[in-house]
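Below is target-v5.pdb, holding PDB, C-alpha atoms, pLDDT in the B column.
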ATOM      1  CA  GLU A1242     -21.283  20.962   7.900  1.00 64.00           C
ATOM      2  CA  ALA A1243     -17.531  21.139   7.414  1.00 78.00           C
ATOM      3  CA  GLY A1244     -15.523  18.178   8.619  1.00 91.00           C
ATOM      4  CA  VAL A1245     -12.279  18.112  10.555  1.00 94.00           C
ATOM      5  CA  THR A1246      -9.555  19.922   8.651  1.00 95.00           C
ATOM      6  CA  GLN A1247      -5.809  19.759   9.106  1.00 96.00           C
ATOM      7  CA  PHE A1248      -3.018  21.952   7.831  1.00 97.00           C
ATOM      8  CA  PRO A1249      -0.631  21.421   6.185  1.00 97.00           C
ATOM      9  CA  SER A1250      -1.381  18.222   4.337  1.00 95.00           C
ATOM     10  CA  HIS A1251       2.313  17.503   3.994  1.00 96.00           C
ATOM     11  CA  SER A1252       5.420  18.973   5.607  1.00 97.00           C
ATOM     12  CA  VAL A1253       9.060  18.188   4.912  1.00 97.00           C
ATOM     13  CA  ILE A1254      11.583  19.586   7.375  1.00 97.00           C
ATOM     14  CA  GLU A1255      15.149  18.928   8.413  1.00 97.00           C
ATOM     15  CA  LYS A1256      16.147  17.352  11.677  1.00 97.00           C
ATOM     16  CA  GLY A1257      16.378  20.002  14.379  1.00 97.00           C
ATOM     17  CA  GLN A1258      13.804  22.315  12.826  1.00 97.00           C
ATOM     18  CA  THR A1259      10.413  23.194  14.267  1.00 98.00           C
ATOM     19  CA  VAL A1260       7.048  22.327  12.770  1.00 98.00           C
ATOM     20  CA  THR A1261       3.557  23.291  13.846  1.00 98.00           C
ATOM     21  CA  LEU A1262       0.547  21.270  12.771  1.00 98.00           C
ATOM     22  CA  ARG A1263      -2.941  22.661  12.977  1.00 98.00           C
ATOM     23  CA  CYS A1264      -6.315  20.999  13.436  1.00 98.00           C
ATOM     24  CA  ASP A1265      -9.728  22.617  13.099  1.00 97.00           C
ATOM     25  CA  PRO A1266     -12.380  20.352  14.608  1.00 96.00           C
ATOM     26  CA  ILE A1267     -16.021  20.251  13.666  1.00 94.00           C
ATOM     27  CA  SER A1268     -17.689  23.355  15.026  1.00 92.00           C
ATOM     28  CA  GLY A1269     -19.099  22.802  18.494  1.00 91.00           C
ATOM     29  CA  HIS A1270     -17.097  19.654  19.214  1.00 93.00           C
ATOM     30  CA  ASP A1271     -15.562  19.926  22.675  1.00 93.00           C
ATOM     31  CA  ASN A1272     -13.459  16.779  22.399  1.00 94.00           C
ATOM     32  CA  LEU A1273     -10.340  16.876  20.255  1.00 96.00           C
ATOM     33  CA  TYR A1274      -7.801  14.095  19.865  1.00 96.00           C
ATOM     34  CA  TRP A1275      -4.377  13.809  18.279  1.00 97.00           C
ATOM     35  CA  TYR A1276      -3.071  10.502  16.963  1.00 97.00           C
ATOM     36  CA  ARG A1277       0.030   9.493  15.032  1.00 97.00           C
ATOM     37  CA  ARG A1278       0.821   6.691  12.603  1.00 94.00           C
ATOM     38  CA  VAL A1279       4.511   5.995  12.180  1.00 92.00           C
ATOM     39  CA  MET A1280       5.876   4.033   9.228  1.00 82.00           C
ATOM     40  CA  GLY A1281       2.715   2.093   8.413  1.00 78.00           C
ATOM     41  CA  LYS A1282       2.337   0.823  11.949  1.00 86.00           C
ATOM     42  CA  GLU A1283      -0.628   1.194  14.242  1.00 89.00           C
ATOM     43  CA  ILE A1284      -2.226   4.558  14.841  1.00 93.00           C
ATOM     44  CA  LYS A1285      -1.259   5.649  18.352  1.00 95.00           C
ATOM     45  CA  PHE A1286      -3.044   8.065  20.639  1.00 95.00           C
ATOM     46  CA  LEU A1287      -1.145  11.196  21.616  1.00 97.00           C
ATOM     47  CA  LEU A1288      -3.536  13.341  23.638  1.00 96.00           C
ATOM     48  CA  HIS A1289      -7.108  14.414  24.261  1.00 95.00           C
ATOM     49  CA  PHE A1290      -8.523  17.880  24.870  1.00 95.00           C
ATOM     50  CA  VAL A1291     -11.878  18.705  26.361  1.00 93.00           C
ATOM     51  CA  LYS A1292     -12.423  22.286  25.326  1.00 94.00           C
ATOM     52  CA  GLU A1293      -9.123  23.985  26.150  1.00 94.00           C
ATOM     53  CA  SER A1294      -8.057  21.529  28.853  1.00 94.00           C
ATOM     54  CA  LYS A1295      -5.786  18.537  28.385  1.00 95.00           C
ATOM     55  CA  GLN A1296      -7.838  15.588  29.561  1.00 93.00           C
ATOM     56  CA  ASP A1297      -5.272  12.905  28.805  1.00 93.00           C
ATOM     57  CA  GLU A1298      -1.765  13.402  27.458  1.00 94.00           C
ATOM     58  CA  SER A1299      -0.447   9.969  28.307  1.00 93.00           C
ATOM     59  CA  GLY A1300       0.471   9.246  24.695  1.00 93.00           C
ATOM     60  CA  MET A1301       2.775  12.217  24.147  1.00 95.00           C
ATOM     61  CA  PRO A1302       6.181  10.688  23.379  1.00 93.00           C
ATOM     62  CA  ASN A1303       8.415  13.304  24.992  1.00 93.00           C
ATOM     63  CA  ASN A1304       8.748  16.981  25.827  1.00 94.00           C
ATOM     64  CA  ARG A1305       9.632  17.921  22.262  1.00 96.00           C
ATOM     65  CA  PHE A1306       5.910  17.770  21.545  1.00 97.00           C
ATOM     66  CA  LEU A1307       3.650  20.593  22.697  1.00 97.00           C
ATOM     67  CA  ALA A1308      -0.065  20.710  22.058  1.00 97.00           C
ATOM     68  CA  GLU A1309      -2.341  23.647  22.661  1.00 97.00           C
ATOM     69  CA  ARG A1310      -5.975  24.445  22.161  1.00 96.00           C
ATOM     70  CA  THR A1311      -6.489  28.097  22.845  1.00 86.00           C
ATOM     71  CA  GLY A1312     -10.094  29.080  23.394  1.00 88.00           C
ATOM     72  CA  GLY A1313     -11.248  25.528  22.925  1.00 85.00           C
ATOM     73  CA  THR A1314     -11.467  25.817  19.148  1.00 93.00           C
ATOM     74  CA  TYR A1315      -8.579  24.852  16.884  1.00 96.00           C
ATOM     75  CA  SER A1316      -5.544  23.011  18.159  1.00 98.00           C
ATOM     76  CA  THR A1317      -1.867  23.086  17.302  1.00 98.00           C
ATOM     77  CA  LEU A1318       0.786  20.450  17.763  1.00 98.00           C
ATOM     78  CA  LYS A1319       4.346  21.724  17.752  1.00 98.00           C
ATOM     79  CA  VAL A1320       7.395  19.526  17.405  1.00 97.00           C
ATOM     80  CA  GLN A1321      10.610  21.242  18.497  1.00 97.00           C
ATOM     81  CA  PRO A1322      13.240  20.167  17.635  1.00 97.00           C
ATOM     82  CA  ALA A1323      12.100  17.524  15.172  1.00 97.00           C
ATOM     83  CA  GLU A1324      13.895  14.171  15.021  1.00 97.00           C
ATOM     84  CA  LEU A1325      13.914  11.549  12.274  1.00 96.00           C
ATOM     85  CA  GLU A1326      11.654   9.214  14.261  1.00 95.00           C
ATOM     86  CA  ASP A1327       8.931  11.882  14.341  1.00 96.00           C
ATOM     87  CA  SER A1328       8.149  11.212  10.685  1.00 97.00           C
ATOM     88  CA  GLY A1329       4.672   9.850  10.146  1.00 96.00           C
ATOM     89  CA  VAL A1330       1.077  10.857   9.621  1.00 95.00           C
ATOM     90  CA  TYR A1331      -0.544  12.944  12.343  1.00 97.00           C
ATOM     91  CA  PHE A1332      -4.303  12.641  12.613  1.00 96.00           C
ATOM     92  CA  CYS A1333      -6.707  14.850  14.436  1.00 97.00           C
ATOM     93  CA  ALA A1334     -10.201  13.771  15.445  1.00 96.00           C
ATOM     94  CA  SER A1335     -13.108  15.486  17.150  1.00 95.00           C
ATOM     95  CA  LYS A1336     -16.214  14.360  18.944  1.00 93.00           C
ATOM     96  CA  GLY A1337     -19.191  16.268  20.261  1.00 86.00           C
ATOM     97  CA  ASP A1338     -20.869  14.424  23.072  1.00 77.00           C
ATOM     98  CA  ALA A1339     -18.558  12.734  25.582  1.00 70.00           C
ATOM     99  CA  ASN A1340     -20.746   9.632  25.446  1.00 74.00           C
ATOM    100  CA  SER A1341     -20.848   9.488  21.654  1.00 76.00           C
ATOM    101  CA  TYR A1342     -18.947   6.616  20.069  1.00 76.00           C
ATOM    102  CA  GLU A1343     -17.883   8.244  16.850  1.00 85.00           C
ATOM    103  CA  GLN A1344     -14.745  10.293  16.481  1.00 91.00           C
ATOM    104  CA  TYR A1345     -14.555  12.242  13.227  1.00 92.00           C
ATOM    105  CA  PHE A1346     -11.097  12.213  11.719  1.00 93.00           C
ATOM    106  CA  GLY A1347      -9.291  14.704   9.552  1.00 93.00           C
ATOM    107  CA  PRO A1348      -7.238  13.666   6.497  1.00 92.00           C
ATOM    108  CA  GLY A1349      -3.980  13.827   8.422  1.00 94.00           C
ATOM    109  CA  THR A1350      -0.715  15.701   8.046  1.00 96.00           C
ATOM    110  CA  ARG A1351       2.175  13.730   6.626  1.00 95.00           C
ATOM    111  CA  LEU A1352       5.375  14.861   8.344  1.00 97.00           C
ATOM    112  CA  THR A1353       8.724  13.912   6.860  1.00 97.00           C
ATOM    113  CA  VAL A1354      11.877  14.729   8.831  1.00 97.00           C
ATOM    114  CA  THR A1355      15.082  14.416   6.825  1.00 97.00           C
TER     115      THR A1355
ATOM    116  CA  GLY B1260      -2.400  -2.311  28.325  1.00 85.00           C
ATOM    117  CA  ASP B1261      -4.963  -2.533  25.569  1.00 90.00           C
ATOM    118  CA  SER B1262      -3.842  -3.757  22.153  1.00 94.00           C
ATOM    119  CA  VAL B1263      -5.283  -4.709  18.777  1.00 96.00           C
ATOM    120  CA  THR B1264      -3.783  -7.161  16.302  1.00 96.00           C
ATOM    121  CA  GLN B1265      -4.969  -7.386  12.727  1.00 95.00           C
ATOM    122  CA  MET B1266      -3.787  -9.322   9.726  1.00 88.00           C
ATOM    123  CA  GLU B1267      -1.052  -7.777   7.663  1.00 85.00           C
ATOM    124  CA  GLY B1268      -1.757  -6.723   4.149  1.00 86.00           C
ATOM    125  CA  PRO B1269      -1.990  -6.034   1.448  1.00 94.00           C
ATOM    126  CA  VAL B1270      -4.978  -8.206   0.726  1.00 96.00           C
ATOM    127  CA  THR B1271      -5.625  -8.451  -3.004  1.00 97.00           C
ATOM    128  CA  LEU B1272      -8.964  -9.784  -4.210  1.00 97.00           C
ATOM    129  CA  SER B1273     -10.933  -9.908  -7.415  1.00 97.00           C
ATOM    130  CA  GLU B1274     -14.235  -8.100  -7.610  1.00 97.00           C
ATOM    131  CA  GLU B1275     -17.134 -10.057  -6.053  1.00 96.00           C
ATOM    132  CA  ALA B1276     -14.794 -12.180  -3.907  1.00 97.00           C
ATOM    133  CA  PHE B1277     -15.460 -12.814  -0.217  1.00 97.00           C
ATOM    134  CA  LEU B1278     -13.474 -10.723   2.228  1.00 97.00           C
ATOM    135  CA  THR B1279     -12.295 -11.517   5.741  1.00 97.00           C
ATOM    136  CA  ILE B1280      -9.900  -9.309   7.677  1.00 97.00           C
ATOM    137  CA  ASN B1281      -8.995 -10.798  11.036  1.00 97.00           C
ATOM    138  CA  CYS B1282      -8.827  -8.700  14.189  1.00 97.00           C
ATOM    139  CA  THR B1283      -8.150  -9.822  17.750  1.00 97.00           C
ATOM    140  CA  TYR B1284      -7.776  -7.689  20.818  1.00 96.00           C
ATOM    141  CA  THR B1285      -6.490  -7.609  24.365  1.00 95.00           C
ATOM    142  CA  ALA B1286      -8.288  -5.444  26.882  1.00 92.00           C
ATOM    143  CA  THR B1287      -9.597  -5.522  30.404  1.00 85.00           C
ATOM    144  CA  GLY B1288     -13.272  -5.175  31.080  1.00 84.00           C
ATOM    145  CA  TYR B1289     -15.726  -4.677  28.249  1.00 87.00           C
ATOM    146  CA  PRO B1290     -14.300  -2.586  25.434  1.00 93.00           C
ATOM    147  CA  SER B1291     -16.252  -1.197  22.503  1.00 94.00           C
ATOM    148  CA  LEU B1292     -14.975  -2.368  19.124  1.00 96.00           C
ATOM    149  CA  PHE B1293     -14.779  -0.509  15.829  1.00 96.00           C
ATOM    150  CA  TRP B1294     -13.731  -0.794  12.231  1.00 97.00           C
ATOM    151  CA  TYR B1295     -12.534   2.375  10.545  1.00 96.00           C
ATOM    152  CA  VAL B1296     -11.789   2.759   6.832  1.00 97.00           C
ATOM    153  CA  GLN B1297      -9.441   5.198   5.123  1.00 94.00           C
ATOM    154  CA  TYR B1298      -9.992   5.779   1.432  1.00 93.00           C
ATOM    155  CA  PRO B1299      -7.109   7.286  -0.572  1.00 88.00           C
ATOM    156  CA  GLY B1300      -6.565  10.940   0.277  1.00 83.00           C
ATOM    157  CA  GLU B1301      -9.235  11.003   2.971  1.00 87.00           C
ATOM    158  CA  GLY B1302      -9.446  10.777   6.746  1.00 87.00           C
ATOM    159  CA  LEU B1303     -10.574   7.742   8.694  1.00 91.00           C
ATOM    160  CA  GLN B1304     -14.296   7.061   8.654  1.00 93.00           C
ATOM    161  CA  LEU B1305     -16.191   4.908  11.086  1.00 93.00           C
ATOM    162  CA  LEU B1306     -17.397   1.852   9.179  1.00 96.00           C
ATOM    163  CA  LEU B1307     -19.140  -0.080  11.939  1.00 96.00           C
ATOM    164  CA  LYS B1308     -19.115  -0.659  15.670  1.00 95.00           C
ATOM    165  CA  ALA B1309     -20.198  -3.088  18.382  1.00 96.00           C
ATOM    166  CA  THR B1310     -20.461  -2.183  22.034  1.00 92.00           C
ATOM    167  CA  LYS B1311     -21.101  -5.495  23.770  1.00 92.00           C
ATOM    168  CA  ALA B1312     -20.505  -9.198  23.363  1.00 93.00           C
ATOM    169  CA  ASP B1313     -22.377 -10.905  20.510  1.00 94.00           C
ATOM    170  CA  ASP B1314     -23.346  -7.576  18.956  1.00 95.00           C
ATOM    171  CA  LYS B1315     -23.048  -7.494  15.167  1.00 97.00           C
ATOM    172  CA  GLY B1316     -22.073  -4.238  13.532  1.00 96.00           C
ATOM    173  CA  SER B1317     -22.960  -3.764   9.888  1.00 97.00           C
ATOM    174  CA  ASN B1318     -22.705  -1.080   7.231  1.00 97.00           C
ATOM    175  CA  LYS B1319     -22.321  -0.938   3.436  1.00 95.00           C
ATOM    176  CA  GLY B1320     -22.405  -4.728   3.226  1.00 97.00           C
ATOM    177  CA  PHE B1321     -19.625  -5.144   5.792  1.00 98.00           C
ATOM    178  CA  GLU B1322     -20.243  -7.051   9.027  1.00 98.00           C
ATOM    179  CA  ALA B1323     -18.305  -7.857  12.185  1.00 98.00           C
ATOM    180  CA  THR B1324     -19.413  -9.732  15.304  1.00 98.00           C
ATOM    181  CA  TYR B1325     -18.048  -9.011  18.792  1.00 97.00           C
ATOM    182  CA  ARG B1326     -16.796 -12.381  20.047  1.00 96.00           C
ATOM    183  CA  LYS B1327     -15.715 -12.093  23.657  1.00 93.00           C
ATOM    184  CA  GLU B1328     -14.839 -15.776  23.999  1.00 94.00           C
ATOM    185  CA  THR B1329     -12.256 -15.497  21.230  1.00 95.00           C
ATOM    186  CA  THR B1330     -11.530 -11.762  21.739  1.00 96.00           C
ATOM    187  CA  SER B1331     -12.111 -11.203  18.042  1.00 97.00           C
ATOM    188  CA  PHE B1332     -13.918  -8.767  15.748  1.00 98.00           C
ATOM    189  CA  HIS B1333     -13.285 -10.028  12.230  1.00 98.00           C
ATOM    190  CA  LEU B1334     -14.490  -7.916   9.309  1.00 98.00           C
ATOM    191  CA  GLU B1335     -16.371  -9.666   6.501  1.00 98.00           C
ATOM    192  CA  LYS B1336     -18.047  -8.776   3.235  1.00 98.00           C
ATOM    193  CA  GLY B1337     -19.689 -11.224   0.912  1.00 97.00           C
ATOM    194  CA  SER B1338     -18.858  -9.520  -2.383  1.00 96.00           C
ATOM    195  CA  VAL B1339     -16.227  -6.799  -2.583  1.00 97.00           C
ATOM    196  CA  GLN B1340     -16.166  -4.018  -5.156  1.00 97.00           C
ATOM    197  CA  VAL B1341     -13.313  -2.006  -6.607  1.00 97.00           C
ATOM    198  CA  SER B1342     -14.597   0.958  -4.609  1.00 96.00           C
ATOM    199  CA  ASP B1343     -13.879  -0.954  -1.373  1.00 97.00           C
ATOM    200  CA  SER B1344     -10.134  -0.585  -1.976  1.00 97.00           C
ATOM    201  CA  ALA B1345      -8.855   1.222   1.112  1.00 97.00           C
ATOM    202  CA  VAL B1346      -7.007   0.715   4.380  1.00 95.00           C
ATOM    203  CA  TYR B1347      -9.077  -0.857   7.160  1.00 97.00           C
ATOM    204  CA  PHE B1348      -8.289  -0.303  10.837  1.00 96.00           C
ATOM    205  CA  CYS B1349      -9.645  -2.315  13.732  1.00 97.00           C
ATOM    206  CA  ALA B1350      -9.876  -0.344  16.980  1.00 96.00           C
ATOM    207  CA  LEU B1351     -11.168  -0.538  20.507  1.00 95.00           C
ATOM    208  CA  ARG B1352     -12.136   1.882  23.225  1.00 92.00           C
ATOM    209  CA  GLY B1353     -11.301   0.466  26.604  1.00 88.00           C
ATOM    210  CA  THR B1354     -13.516   0.631  29.651  1.00 82.00           C
ATOM    211  CA  GLY B1355     -13.229   4.065  31.225  1.00 78.00           C
ATOM    212  CA  ARG B1356     -11.146   5.453  28.363  1.00 77.00           C
ATOM    213  CA  ARG B1357     -12.082   7.904  25.643  1.00 81.00           C
ATOM    214  CA  ALA B1358      -9.144   7.440  23.295  1.00 89.00           C
ATOM    215  CA  LEU B1359      -9.051   4.677  20.706  1.00 93.00           C
ATOM    216  CA  THR B1360      -6.467   1.916  20.443  1.00 94.00           C
ATOM    217  CA  PHE B1361      -5.844   0.921  16.835  1.00 95.00           C
ATOM    218  CA  GLY B1362      -4.386  -2.004  14.979  1.00 95.00           C
ATOM    219  CA  SER B1363      -1.762  -1.478  12.300  1.00 94.00           C
ATOM    220  CA  GLY B1364      -4.226  -1.376   9.409  1.00 95.00           C
ATOM    221  CA  THR B1365      -4.830  -3.730   6.480  1.00 96.00           C
ATOM    222  CA  ARG B1366      -4.676  -2.476   2.926  1.00 96.00           C
ATOM    223  CA  LEU B1367      -7.302  -4.010   0.649  1.00 97.00           C
ATOM    224  CA  GLN B1368      -6.889  -3.894  -3.105  1.00 97.00           C
ATOM    225  CA  VAL B1369      -9.802  -5.065  -5.221  1.00 97.00           C
ATOM    226  CA  GLN B1370      -9.103  -5.737  -8.869  1.00 96.00           C
ATOM    227  CA  PRO B1371     -11.785  -5.598 -11.575  1.00 94.00           C
TER     228      PRO B1371
END

Translate this file's structure into structure tokens.
Amino acid sequence: EAGVTQFPSHSVIEKGQTVTLRCDPISGHDNLYWYRRVMGKEIKFLLHFVKESKQDESGMPNNRFLAERTGGTYSTLKVQPAELEDSGVYFCASKGDANSYEQYFGPGTRLTVT
Amino acid sequence: GDSVTQMEGPVTLSEEAFLTINCTYTATGYPSLFWYVQYPGEGLQLLLKATKADDKGSNKGFEATYRKETTSFHLEKGSVQVSDSAVYFCALRGTGRRALTFGSGTRLQVQP
């Protein structure tokens, strides 16, 4: 069974540009989460999808971030326009059963904004 | 809100040394507690968990006990190996929440 995959693994963009990160969860997992780790600090929650619906987006930092999950399969996270403080590693995780404890994480996308 | 505090790294040990990585938390109610590990170039993997007070999670020789009286979940291993070199994250899932709250991570380097 394939794990959670993320694309790209690394992205370098200039301030003001747009970047779209993609996450493919484990097949059949309804729950999908985005997290972010900035500058070696703690990993912070961004938002949670259940199928195609946003269950909790309390961690989204501002309206420059837009997450979608069309059809309840893969998800994208768009940053537009990117700012320097958006640099960090963006993790995606998925989980099957709502009552399951384990979230399965992807390898992350390292975003560098210059 | 919920928060997790863990010791700063890096922690550098010789092979077969004893490991302790401290983790304390702040949360209302009865959170579930986790340790995740990230090996170089890989995603986070669940290492162990504990869902109620006094539970001991264990896996791959690592252990952690849920101590509600001290709000702690310290990670221990009796004899580390070079292959244990990774970043370790303590995390909790608060009552009624589905997202995880993480600490800042502790890098462990084990030297042969």

Exercise for the section: Identify, on the basis of only C-alpha atoms, every residue whose closest approach to Val1291 (chain A) does not exceed 8 Å; exclude the query and any residue fewer than 2 positions from it along the same chain; express the result as number ranges by chain. Expected result: A: 1271-1273, 1289, 1293-1296, 1313

Problem - Interatomic distance, CA of Asn1340 (chain A) to CA of Pro1302 (chain A) (Å, one decimal) - result: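 About the pair CA of Asn1340 (chain A) and CA of Pro1302 (chain A): they are 27.0 Å apart.
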
Practice task
Could you list, as a ChimeraX atom specification, the residues of chain A having an atom within 12 Å of chain B when counting only C-alpha atoms?
Solution key: /A:1244-1247,1250-1251,1272-1291,1296-1300,1330-1336,1338-1351

Quick one: which residues end up in the PyMOL selection byres ((chain B and resi 1322) around 10) for this structure, as a PDB file with C-alpha atoms, in the coordinates of the input?
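The result, written out as part39.pdb:
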ATOM      1  CA  THR B1279     -12.295 -11.517   5.741  1.00 97.00           C
ATOM      2  CA  TRP B1294     -13.731  -0.794  12.231  1.00 97.00           C
ATOM      3  CA  LEU B1306     -17.397   1.852   9.179  1.00 96.00           C
ATOM      4  CA  LEU B1307     -19.140  -0.080  11.939  1.00 96.00           C
ATOM      5  CA  LYS B1308     -19.115  -0.659  15.670  1.00 95.00           C
ATOM      6  CA  LYS B1315     -23.048  -7.494  15.167  1.00 97.00           C
ATOM      7  CA  GLY B1316     -22.073  -4.238  13.532  1.00 96.00           C
ATOM      8  CA  SER B1317     -22.960  -3.764   9.888  1.00 97.00           C
ATOM      9  CA  ASN B1318     -22.705  -1.080   7.231  1.00 97.00           C
ATOM     10  CA  LYS B1319     -22.321  -0.938   3.436  1.00 95.00           C
ATOM     11  CA  GLY B1320     -22.405  -4.728   3.226  1.00 97.00           C
ATOM     12  CA  PHE B1321     -19.625  -5.144   5.792  1.00 98.00           C
ATOM     13  CA  ALA B1323     -18.305  -7.857  12.185  1.00 98.00           C
ATOM     14  CA  THR B1324     -19.413  -9.732  15.304  1.00 98.00           C
ATOM     15  CA  PHE B1332     -13.918  -8.767  15.748  1.00 98.00           C
ATOM     16  CA  HIS B1333     -13.285 -10.028  12.230  1.00 98.00           C
ATOM     17  CA  LEU B1334     -14.490  -7.916   9.309  1.00 98.00           C
ATOM     18  CA  GLU B1335     -16.371  -9.666   6.501  1.00 98.00           C
ATOM     19  CA  LYS B1336     -18.047  -8.776   3.235  1.00 98.00           C
ATOM     20  CA  GLY B1337     -19.689 -11.224   0.912  1.00 97.00           C
TER      21      GLY B1337
END

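Here the question is which of B:Arg1366, B:Arg1326, B:Asp1314, B:Pro1269 gets nearest to Thr1283 (chain B) using all atoms listed in the file, and that residue is B:Arg1326.
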
Completion exercise
A straight line from CA of Ser1316 (chain A) to CA of Arg1263 (chain A) spans 5.8 Å

Completion exercise
A straight line from CA of Lys1311 (chain B) to CA of Lys1327 (chain B) spans 8.5 Å

Handout entry: Spatial neighbours of Ser1338 (chain B), max dist 8 Å, all atoms listed in the file, sep filter under 5 positions, as JSON, numbers by chain
Key = {"B": [1274, 1275, 1276, 1277, 1278]}

Handout entry: Pick from A:Gln1258, A:Thr1353, A:Ser1268, A:Asn1303 nearest to Gln1321 (chain A), counting all atoms listed in the file
Key =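 Ranked by minimum distance to Gln1321 (chain A), first place goes to A:Gln1258.
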
Residue contacts of Ile1254 (chain A) (10 Å, all atoms listed in the file) excluding same-chain residues fewer than 5 positions away, as a JSON list (two decimals) with C-alpha atoms, in the coordinates of the input:
[["chain", "number", "residue", "atom", "x", "y", "z"],
["A", 1259, "THR", "CA", 10.41, 23.19, 14.27],
["A", 1260, "VAL", "CA", 7.05, 22.33, 12.77],
["A", 1323, "ALA", "CA", 12.10, 17.52, 15.17],
["A", 1324, "GLU", "CA", 13.90, 14.17, 15.02],
["A", 1325, "LEU", "CA", 13.91, 11.55, 12.27],
["A", 1328, "SER", "CA", 8.15, 11.21, 10.68],
["A", 1352, "LEU", "CA", 5.38, 14.86, 8.34],
["A", 1353, "THR", "CA", 8.72, 13.91, 6.86],
["A", 1354, "VAL", "CA", 11.88, 14.73, 8.83],
["A", 1355, "THR", "CA", 15.08, 14.42, 6.82]]

Practice task
Output the residue selection produced by the PyMOL selection byres ((chain B and resi 1289) around 8) on the file above, formatted as a ChimeraX atom specification.
Solution key: /B:1286-1288,1290-1291,1311,1353-1354

Grab the residues selected above and save them as a JSON list (two decimals), in the coordinates of the input with C-alpha atoms.
[["chain", "number", "residue", "atom", "x", "y", "z"],
["B", 1286, "ALA", "CA", -8.29, -5.44, 26.88],
["B", 1287, "THR", "CA", -9.60, -5.52, 30.40],
["B", 1288, "GLY", "CA", -13.27, -5.18, 31.08],
["B", 1290, "PRO", "CA", -14.30, -2.59, 25.43],
["B", 1291, "SER", "CA", -16.25, -1.20, 22.50],
["B", 1311, "LYS", "CA", -21.10, -5.50, 23.77],
["B", 1353, "GLY", "CA", -11.30, 0.47, 26.60],
["B", 1354, "THR", "CA", -13.52, 0.63, 29.65]]

Axis-aligned box over every listed atom of region 1264-1268 of chain A, padded by 6 Å per side: centre and edges in Å to one decimal, as AutoDock Vina command-line options?
--center_x -12.0 --center_y 21.8 --center_z 14.1 --size_x 23.4 --size_y 15.1 --size_z 13.9

Completion exercise
One residue among A:Val1320, A:Arg1310, A:Lys1292, A:Met1301 is nearest to Leu1262 (chain A) when using only C-alpha atoms, and that residue is A:Val1320

Complete region 1336-1340 of chain B with all heavy atoms (output as a JSON list (two decimals), keeping the file's coordinate frame).
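As a result, selection-v7.json now contains:
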[["chain", "number", "residue", "atom", "x", "y", "z"],
["B", 1336, "LYS", "N", -17.12, -9.28, 4.26],
["B", 1336, "LYS", "CA", -18.05, -8.78, 3.24],
["B", 1336, "LYS", "C", -18.20, -9.88, 2.20],
["B", 1336, "LYS", "O", -17.21, -10.45, 1.76],
["B", 1336, "LYS", "CB", -17.56, -7.48, 2.60],
["B", 1336, "LYS", "CG", -18.58, -6.88, 1.63],
["B", 1336, "LYS", "CD", -18.16, -5.53, 1.09],
["B", 1336, "LYS", "CE", -19.31, -4.94, 0.25],
["B", 1336, "LYS", "NZ", -18.97, -3.63, -0.37],
["B", 1337, "GLY", "N", -19.42, -10.10, 1.81],
["B", 1337, "GLY", "CA", -19.69, -11.22, 0.91],
["B", 1337, "GLY", "C", -19.21, -11.02, -0.51],
["B", 1337, "GLY", "O", -18.84, -11.98, -1.19],
["B", 1338, "SER", "N", -19.19, -9.77, -0.99],
["B", 1338, "SER", "CA", -18.86, -9.52, -2.38],
["B", 1338, "SER", "C", -18.23, -8.12, -2.48],
["B", 1338, "SER", "O", -18.94, -7.13, -2.43],
["B", 1338, "SER", "CB", -20.11, -9.60, -3.25],
["B", 1338, "SER", "OG", -19.83, -9.27, -4.59],
["B", 1339, "VAL", "N", -16.90, -8.10, -2.59],
["B", 1339, "VAL", "CA", -16.23, -6.80, -2.58],
["B", 1339, "VAL", "C", -16.29, -6.14, -3.96],
["B", 1339, "VAL", "O", -16.41, -6.82, -4.99],
["B", 1339, "VAL", "CB", -14.76, -6.93, -2.13],
["B", 1339, "VAL", "CG1", -14.69, -7.36, -0.67],
["B", 1339, "VAL", "CG2", -13.98, -7.88, -3.03],
["B", 1340, "GLN", "N", -16.18, -4.81, -3.94],
["B", 1340, "GLN", "CA", -16.17, -4.02, -5.16],
["B", 1340, "GLN", "C", -14.85, -3.25, -5.24],
["B", 1340, "GLN", "O", -14.17, -3.06, -4.23],
["B", 1340, "GLN", "CB", -17.34, -3.04, -5.15],
["B", 1340, "GLN", "CG", -18.70, -3.70, -4.96],
["B", 1340, "GLN", "CD", -19.00, -4.70, -6.06],
["B", 1340, "GLN", "OE1", -18.83, -4.41, -7.25],
["B", 1340, "GLN", "NE2", -19.43, -5.89, -5.69]]
